[in-house]
Structure formats: structure tokens, C-alpha cells
Amino acid sequence: MKFLVAFLTAGALAASAFAAGPKPGKWVKMFNGKDLEGWKAGERPESWKVENGAIVGSGGVSHLFWMKQECENCEFKAKVWLRKGANSGMYFRAAFGPGWPKGYEAQVNNSYVKDPKKTGSLYNFKNITEQLVPDETWWTQHIIANGNHIIIKVNDKVVVDYVDEKNTYTKGYLALQQHDPGSMVMYKDLMFRELPAGK
């Protein structure tokens with residue numbers, strides 16, 4: 001009887017471990033709070049600087065790429081501050097280079113009137129048209145890209161849960177957007193972690 005109980009217990013533990021599957025990687029700090037070590041602008045590097053422990057985007061159109069590791073299956077999150085009327089974005093699985101990157105974009109736009117796609121949108125895939133957060137306050141955006149399943153959270157609330165049946169972008173860099181000379185954005189507490197292969 002003791003042998004049977006031990007066997008069943010071991011079997012249950014093994015089944016539980018199998019069901020849990022591979023664990024996510026450890027969270028990695030993407031920004032040291034002092035300089036842009038590990039980051040590279042695809043164009044106009046002068047549009048980016050570090051002030052008061054934050055990456056600040058202002059000036060001409062530019063995209064700032066984190067070059068240390070690409071995202072295949074990953075999580076990417078940050079605290080964001082956006083000037084009233086400004087526009088930005090958090091790119092993932094993006095191709096490095098000048099111009100608008102080929103890749104997914106989690107929109108950062110609270111009150112930029114020229115674009116109805118607001119913060120939290122998976123740009124051009126699943127769009128949000130209501131303003132979710134006020135201007136000129138710190139808030140969080142959290143992206144989970146696991147296979148073709150993409151989740152975007154704003155202040156810990158799921159606002160997009162989308163499956164891209166076309167698997168449009170499968171691997172690439174993470175990047176921040178400086179959208180236009182009238183926009184100003186700040187990012188801090190930028191974090192990344194790898195996820196096991198999507199199911």
C-alpha cells in the first residue's frame with residue numbers, strides 16, 4: 001500500500017511538472033538609468049538622451065533599438081510618461097534600420113489627435129480608440145508575445161488579447177519610438193524576459 005501511495009504521488013508530481021512546462025527566463029533590466037549603453041538609434045541619435053533616470057525622446061523622428069537581444073517569444077514592459085498631444089510606441093520583433101520599423105507596435109498615444117489609435121493598441125492589428133490613461137502621468141505598458149499570441153496590458157489591465165493567424169513578425173528587436181518634433185516621451189524601468197516557445 002505504501003508503495004502504491006508513493007508511486008501515485010510521484011506520478012502526480014511528474015504530471016504537474018509536465019503540465020507546467022518550461023519556465024520563463026529571468027527579468028533583465030534593459031536600461032541602467034545613466035546612459036544609452038546597449039541601445040542604438042536607427043536614425044537621428046540626437047533625438048534621444050537620458051535625464052533623471054529616464055530615456056527621453058524629443059525632436060525628429062527616430063527609433064531607439066535595444067541591441068543586446070532579439071525577441072522571439074518574450075515579455076517587454078516599461079513605465080511611460082507622455083506629453084499632452086504627443087505620440088510614441090513600443091516596438092517588438094522589429095527589424096533594425098532607418099524609417100518606420102517592420103515589426104509589431106504597441107501604441108503609445110493618449111491625446112495625439114492626428115491618429116485615432118490610442119495607447120494599448122496593437123497597431124493596425126487590434127486598435128483601441130478610447131483614451132485609457134491621462135497625459136503627463138507615469139503608467140505601465142506590458143507586452144507578452146508568445147508565438148502568434150500577443151497580449152498588451154496597460155496598468156496591469158489586459159486591453160489587447162490577439163492571435164495573429166498570419167504570424168506576421170516572428171523575431172526581431174525591441175525599440176522605442178520618437179514620433180515627431182512636437183512629441184516628447186519618457187521611458188524608465190524597461191524590462192525584458194524570454195518566454196519558452198509559443199504553443
# chains A, B, ... in the order shown; residues from 1 in each chain; ligands from 1

call {"tool": "residues_around", "arguments": {"residues": "Trp27 in chain A", "least_positions_apart": "6", "cutoff": "12 Å", "atoms": "only C-alpha atoms", "output": "list in words"}}
result
Cys74, Glu75, Phe76, Lys77, Asp189, Leu190, Met191, Phe192, Arg193, Glu194 and Leu195 of chain A

call {"tool": "residues_around", "arguments": {"residues": "His149 in chain A", "least_positions_apart": "3", "cutoff": "8 Å", "atoms": "only C-alpha atoms", "output": "list in words"}}
result
Ala145, Asn146, Asp161, Tyr162, Val163, Asp164 and Gly198 of chain A

call {"tool": "write_last_selection", "arguments": {"atoms": "N, CA and C atoms", "output": "short mmCIF file (atom, residue, chain, number, x, y, z; two decimals), in the first residue's frame"}}
result
data_model
loop_
_atom_site.label_atom_id
_atom_site.label_comp_id
_atom_site.auth_asym_id
_atom_site.auth_seq_id
_atom_site.Cartn_x
_atom_site.Cartn_y
_atom_site.Cartn_z
N ALA A 145 4.49 38.48 -25.95
CA ALA A 145 4.46 37.93 -27.30
C ALA A 145 4.93 36.48 -27.24
N ASN A 146 3.98 35.56 -27.35
CA ASN A 146 4.27 34.13 -27.22
C ASN A 146 3.72 33.43 -28.45
N ASP A 161 -5.86 41.15 -26.49
CA ASP A 161 -5.56 39.72 -26.44
C ASP A 161 -5.82 39.20 -27.85
N TYR A 162 -4.77 39.03 -28.62
CA TYR A 162 -4.92 38.86 -30.07
C TYR A 162 -4.06 37.70 -30.57
N VAL A 163 -4.61 36.93 -31.48
CA VAL A 163 -3.86 35.86 -32.16
C VAL A 163 -3.67 36.28 -33.62
N ASP A 164 -2.43 36.42 -34.03
CA ASP A 164 -2.11 36.79 -35.41
C ASP A 164 -1.97 35.52 -36.24
N GLY A 198 6.22 29.43 -28.13
CA GLY A 198 4.75 29.50 -28.11
C GLY A 198 4.12 28.19 -28.49
#

call {"tool": "closest_atom_pairs", "arguments": {"of": "range 138-183 of chain A", "to": "range 106-123 of chain A", "cutoff": "7 Å", "atoms": "only C-alpha atoms", "output": "JSON lines"}}
result
{"residue": "A:Ile152", "atom": "CA", "partner": "A:Gly120", "partner_atom": "CA", "distance": 6.3}
{"residue": "A:Lys153", "atom": "CA", "partner": "A:Gly120", "partner_atom": "CA", "distance": 7.0}
{"residue": "A:Val154", "atom": "CA", "partner": "A:Gly120", "partner_atom": "CA", "distance": 6.3}
{"residue": "A:Val159", "atom": "CA", "partner": "A:Gly120", "partner_atom": "CA", "distance": 6.3}
{"residue": "A:Val160", "atom": "CA", "partner": "A:Ser121", "partner_atom": "CA", "distance": 7.0}

call {"tool": "write_last_selection", "arguments": {"atoms": "N, CA and C atoms", "output": "short mmCIF file (atom, residue, chain, number, x, y, z; two decimals), in the first residue's frame"}}
result
data_model
loop_
_atom_site.label_atom_id
_atom_site.label_comp_id
_atom_site.auth_asym_id
_atom_site.auth_seq_id
_atom_site.Cartn_x
_atom_site.Cartn_y
_atom_site.Cartn_z
N ILE A 152 -1.40 42.76 -24.62
CA ILE A 152 -0.92 44.05 -24.18
C ILE A 152 -1.71 44.46 -22.94
N LYS A 153 -0.97 44.83 -21.88
CA LYS A 153 -1.59 45.30 -20.65
C LYS A 153 -1.23 46.76 -20.44
N VAL A 154 -2.19 47.54 -19.99
CA VAL A 154 -1.96 48.93 -19.59
C VAL A 154 -2.34 49.05 -18.12
N VAL A 159 -5.72 44.86 -22.28
CA VAL A 159 -6.52 45.67 -23.20
C VAL A 159 -6.52 45.09 -24.61
N VAL A 160 -5.53 44.24 -24.92
CA VAL A 160 -5.49 43.51 -26.19
C VAL A 160 -5.10 42.07 -25.90
#

call {"tool": "closest_residue", "arguments": {"among": "A:Ala175, A:Leu36, A:Cys71, A:Val56", "to": "Gly147 in chain A", "atoms": "only C-alpha atoms"}}
result
A:Cys71

call {"tool": "select_by_dssp", "arguments": {"residues": "chain A", "states": "helix (DSSP H, G or I)", "output": "ChimeraX atom specification"}}
result
/A:2-20,45-47

call {"tool": "residues_around", "arguments": {"residues": "Glu136 in chain A", "least_positions_apart": "3", "cutoff": "10 Å", "atoms": "only C-alpha atoms", "output": "PyMOL selection string"}}
result
chain A and resi 80-86+110+133+139+185-186

call {"tool": "residues_around", "arguments": {"residues": "Leu176 in chain A", "least_positions_apart": "4", "cutoff": "6 Å", "atoms": "only C-alpha atoms", "output": "ChimeraX atom specification"}}
result
/A:63-64,89-90

call {"tool": "closest_residue", "arguments": {"among": "A:Met30, A:Ile128, A:Ile143, A:Leu174", "to": "Gly103 in chain A", "atoms": "only C-alpha atoms"}}
result
A:Leu174

call {"tool": "select_by_dssp", "arguments": {"residues": "range 2-199 of chain A", "states": "strand (DSSP E)", "output": "number ranges by chain"}}
result
A: 28-29, 39-41, 48-51, 54-58, 62-71, 74-82, 88-94, 104-108, 139-146, 149-154, 157-163, 172-178, 184-194

call {"tool": "write_last_selection", "arguments": {"atoms": "C-alpha atoms", "output": "PDB file, in the first residue's frame"}}
result
ATOM      1  CA  VAL A  28      16.534  41.565 -17.438  1.00  0.00           C
ATOM      2  CA  LYS A  29      16.968  45.315 -16.911  1.00  0.00           C
ATOM      3  CA  TRP A  39      20.800  50.945 -27.249  1.00  0.00           C
ATOM      4  CA  LYS A  40      21.240  52.225 -30.817  1.00  0.00           C
ATOM      5  CA  ALA A  41      19.181  54.675 -32.860  1.00  0.00           C
ATOM      6  CA  TRP A  48      17.427  60.557 -27.547  1.00  0.00           C
ATOM      7  CA  LYS A  49      19.029  61.389 -24.202  1.00  0.00           C
ATOM      8  CA  VAL A  50      18.954  60.311 -20.575  1.00  0.00           C
ATOM      9  CA  GLU A  51      17.590  62.651 -17.907  1.00  0.00           C
ATOM     10  CA  ALA A  54      14.688  58.053 -17.820  1.00  0.00           C
ATOM     11  CA  ILE A  55      15.193  57.668 -21.568  1.00  0.00           C
ATOM     12  CA  VAL A  56      13.808  60.846 -23.142  1.00  0.00           C
ATOM     13  CA  GLY A  57      12.688  61.115 -26.749  1.00  0.00           C
ATOM     14  CA  SER A  58      12.237  64.550 -28.333  1.00  0.00           C
ATOM     15  CA  SER A  62      13.751  58.254 -34.563  1.00  0.00           C
ATOM     16  CA  HIS A  63      13.582  54.690 -33.282  1.00  0.00           C
ATOM     17  CA  LEU A  64      15.868  53.541 -30.479  1.00  0.00           C
ATOM     18  CA  PHE A  65      16.639  49.799 -30.546  1.00  0.00           C
ATOM     19  CA  TRP A  66      17.785  47.612 -27.671  1.00  0.00           C
ATOM     20  CA  MET A  67      20.603  45.680 -29.331  1.00  0.00           C
ATOM     21  CA  LYS A  68      21.537  43.182 -26.631  1.00  0.00           C
ATOM     22  CA  GLN A  69      18.970  40.526 -27.505  1.00  0.00           C
ATOM     23  CA  GLU A  70      16.195  39.918 -30.009  1.00  0.00           C
ATOM     24  CA  CYS A  71      12.661  38.949 -29.074  1.00  0.00           C
ATOM     25  CA  CYS A  74       9.252  37.437 -24.837  1.00  0.00           C
ATOM     26  CA  GLU A  75       7.779  39.937 -22.419  1.00  0.00           C
ATOM     27  CA  PHE A  76       8.619  43.636 -22.668  1.00  0.00           C
ATOM     28  CA  LYS A  77       7.401  46.240 -20.187  1.00  0.00           C
ATOM     29  CA  ALA A  78       8.115  49.828 -19.193  1.00  0.00           C
ATOM     30  CA  LYS A  79       6.864  52.848 -17.321  1.00  0.00           C
ATOM     31  CA  VAL A  80       5.891  55.603 -19.729  1.00  0.00           C
ATOM     32  CA  TRP A  81       5.315  59.363 -19.476  1.00  0.00           C
ATOM     33  CA  LEU A  82       3.878  61.157 -22.490  1.00  0.00           C
ATOM     34  CA  SER A  88       5.238  57.249 -29.350  1.00  0.00           C
ATOM     35  CA  GLY A  89       5.318  53.461 -29.432  1.00  0.00           C
ATOM     36  CA  MET A  90       6.958  50.313 -28.096  1.00  0.00           C
ATOM     37  CA  TYR A  91       8.068  48.038 -30.937  1.00  0.00           C
ATOM     38  CA  PHE A  92       8.767  44.325 -30.665  1.00  0.00           C
ATOM     39  CA  ARG A  93      10.053  41.736 -33.150  1.00  0.00           C
ATOM     40  CA  ALA A  94      11.215  44.739 -35.165  1.00  0.00           C
ATOM     41  CA  TYR A 104       4.696  44.944 -34.145  1.00  0.00           C
ATOM     42  CA  GLU A 105       3.980  48.204 -32.321  1.00  0.00           C
ATOM     43  CA  ALA A 106       2.214  48.644 -29.006  1.00  0.00           C
ATOM     44  CA  GLN A 107       0.869  52.168 -29.424  1.00  0.00           C
ATOM     45  CA  VAL A 108       1.709  54.978 -27.006  1.00  0.00           C
ATOM     46  CA  TRP A 139       1.799  54.494 -16.335  1.00  0.00           C
ATOM     47  CA  THR A 140       2.869  50.990 -17.379  1.00  0.00           C
ATOM     48  CA  GLN A 141       2.625  49.116 -20.652  1.00  0.00           C
ATOM     49  CA  HIS A 142       3.380  45.394 -20.705  1.00  0.00           C
ATOM     50  CA  ILE A 143       3.669  43.286 -23.868  1.00  0.00           C
ATOM     51  CA  ILE A 144       3.570  39.482 -23.933  1.00  0.00           C
ATOM     52  CA  ALA A 145       4.464  37.930 -27.302  1.00  0.00           C
ATOM     53  CA  ASN A 146       4.270  34.134 -27.222  1.00  0.00           C
ATOM     54  CA  HIS A 149      -0.496  35.141 -29.330  1.00  0.00           C
ATOM     55  CA  ILE A 150       0.010  38.757 -28.271  1.00  0.00           C
ATOM     56  CA  ILE A 151      -1.251  40.375 -25.080  1.00  0.00           C
ATOM     57  CA  ILE A 152      -0.917  44.054 -24.175  1.00  0.00           C
ATOM     58  CA  LYS A 153      -1.590  45.297 -20.651  1.00  0.00           C
ATOM     59  CA  VAL A 154      -1.959  48.927 -19.588  1.00  0.00           C
ATOM     60  CA  LYS A 157      -5.205  45.503 -17.223  1.00  0.00           C
ATOM     61  CA  VAL A 158      -5.399  43.383 -20.380  1.00  0.00           C
ATOM     62  CA  VAL A 159      -6.516  45.668 -23.201  1.00  0.00           C
ATOM     63  CA  VAL A 160      -5.485  43.510 -26.192  1.00  0.00           C
ATOM     64  CA  ASP A 161      -5.556  39.719 -26.435  1.00  0.00           C
ATOM     65  CA  TYR A 162      -4.916  38.857 -30.070  1.00  0.00           C
ATOM     66  CA  VAL A 163      -3.865  35.865 -32.155  1.00  0.00           C
ATOM     67  CA  GLY A 172      13.352  40.945 -34.047  1.00  0.00           C
ATOM     68  CA  TYR A 173      14.473  43.739 -31.765  1.00  0.00           C
ATOM     69  CA  LEU A 174      12.663  45.785 -29.152  1.00  0.00           C
ATOM     70  CA  ALA A 175      12.555  49.516 -29.829  1.00  0.00           C
ATOM     71  CA  LEU A 176      11.146  52.846 -28.658  1.00  0.00           C
ATOM     72  CA  GLN A 177       9.669  55.476 -30.956  1.00  0.00           C
ATOM     73  CA  GLN A 178      10.209  59.225 -31.082  1.00  0.00           C
ATOM     74  CA  MET A 184       8.102  64.214 -26.102  1.00  0.00           C
ATOM     75  CA  VAL A 185       8.130  60.877 -24.262  1.00  0.00           C
ATOM     76  CA  MET A 186       9.991  59.348 -21.310  1.00  0.00           C
ATOM     77  CA  TYR A 187      10.606  55.678 -20.541  1.00  0.00           C
ATOM     78  CA  LYS A 188      12.031  54.053 -17.417  1.00  0.00           C
ATOM     79  CA  ASP A 189      12.083  50.660 -15.655  1.00  0.00           C
ATOM     80  CA  LEU A 190      12.370  48.903 -19.019  1.00  0.00           C
ATOM     81  CA  MET A 191      12.365  45.133 -18.563  1.00  0.00           C
ATOM     82  CA  PHE A 192      12.656  42.068 -20.814  1.00  0.00           C
ATOM     83  CA  ARG A 193      12.407  38.349 -20.338  1.00  0.00           C
ATOM     84  CA  GLU A 194      12.425  35.361 -22.656  1.00  0.00           C
TER      85      GLU A 194
END

call {"tool": "atom_distance", "arguments": {"atom1": "CA of Ser183 in chain A", "atom2": "CA of Glu72 in chain A"}}
result
29.6 Å
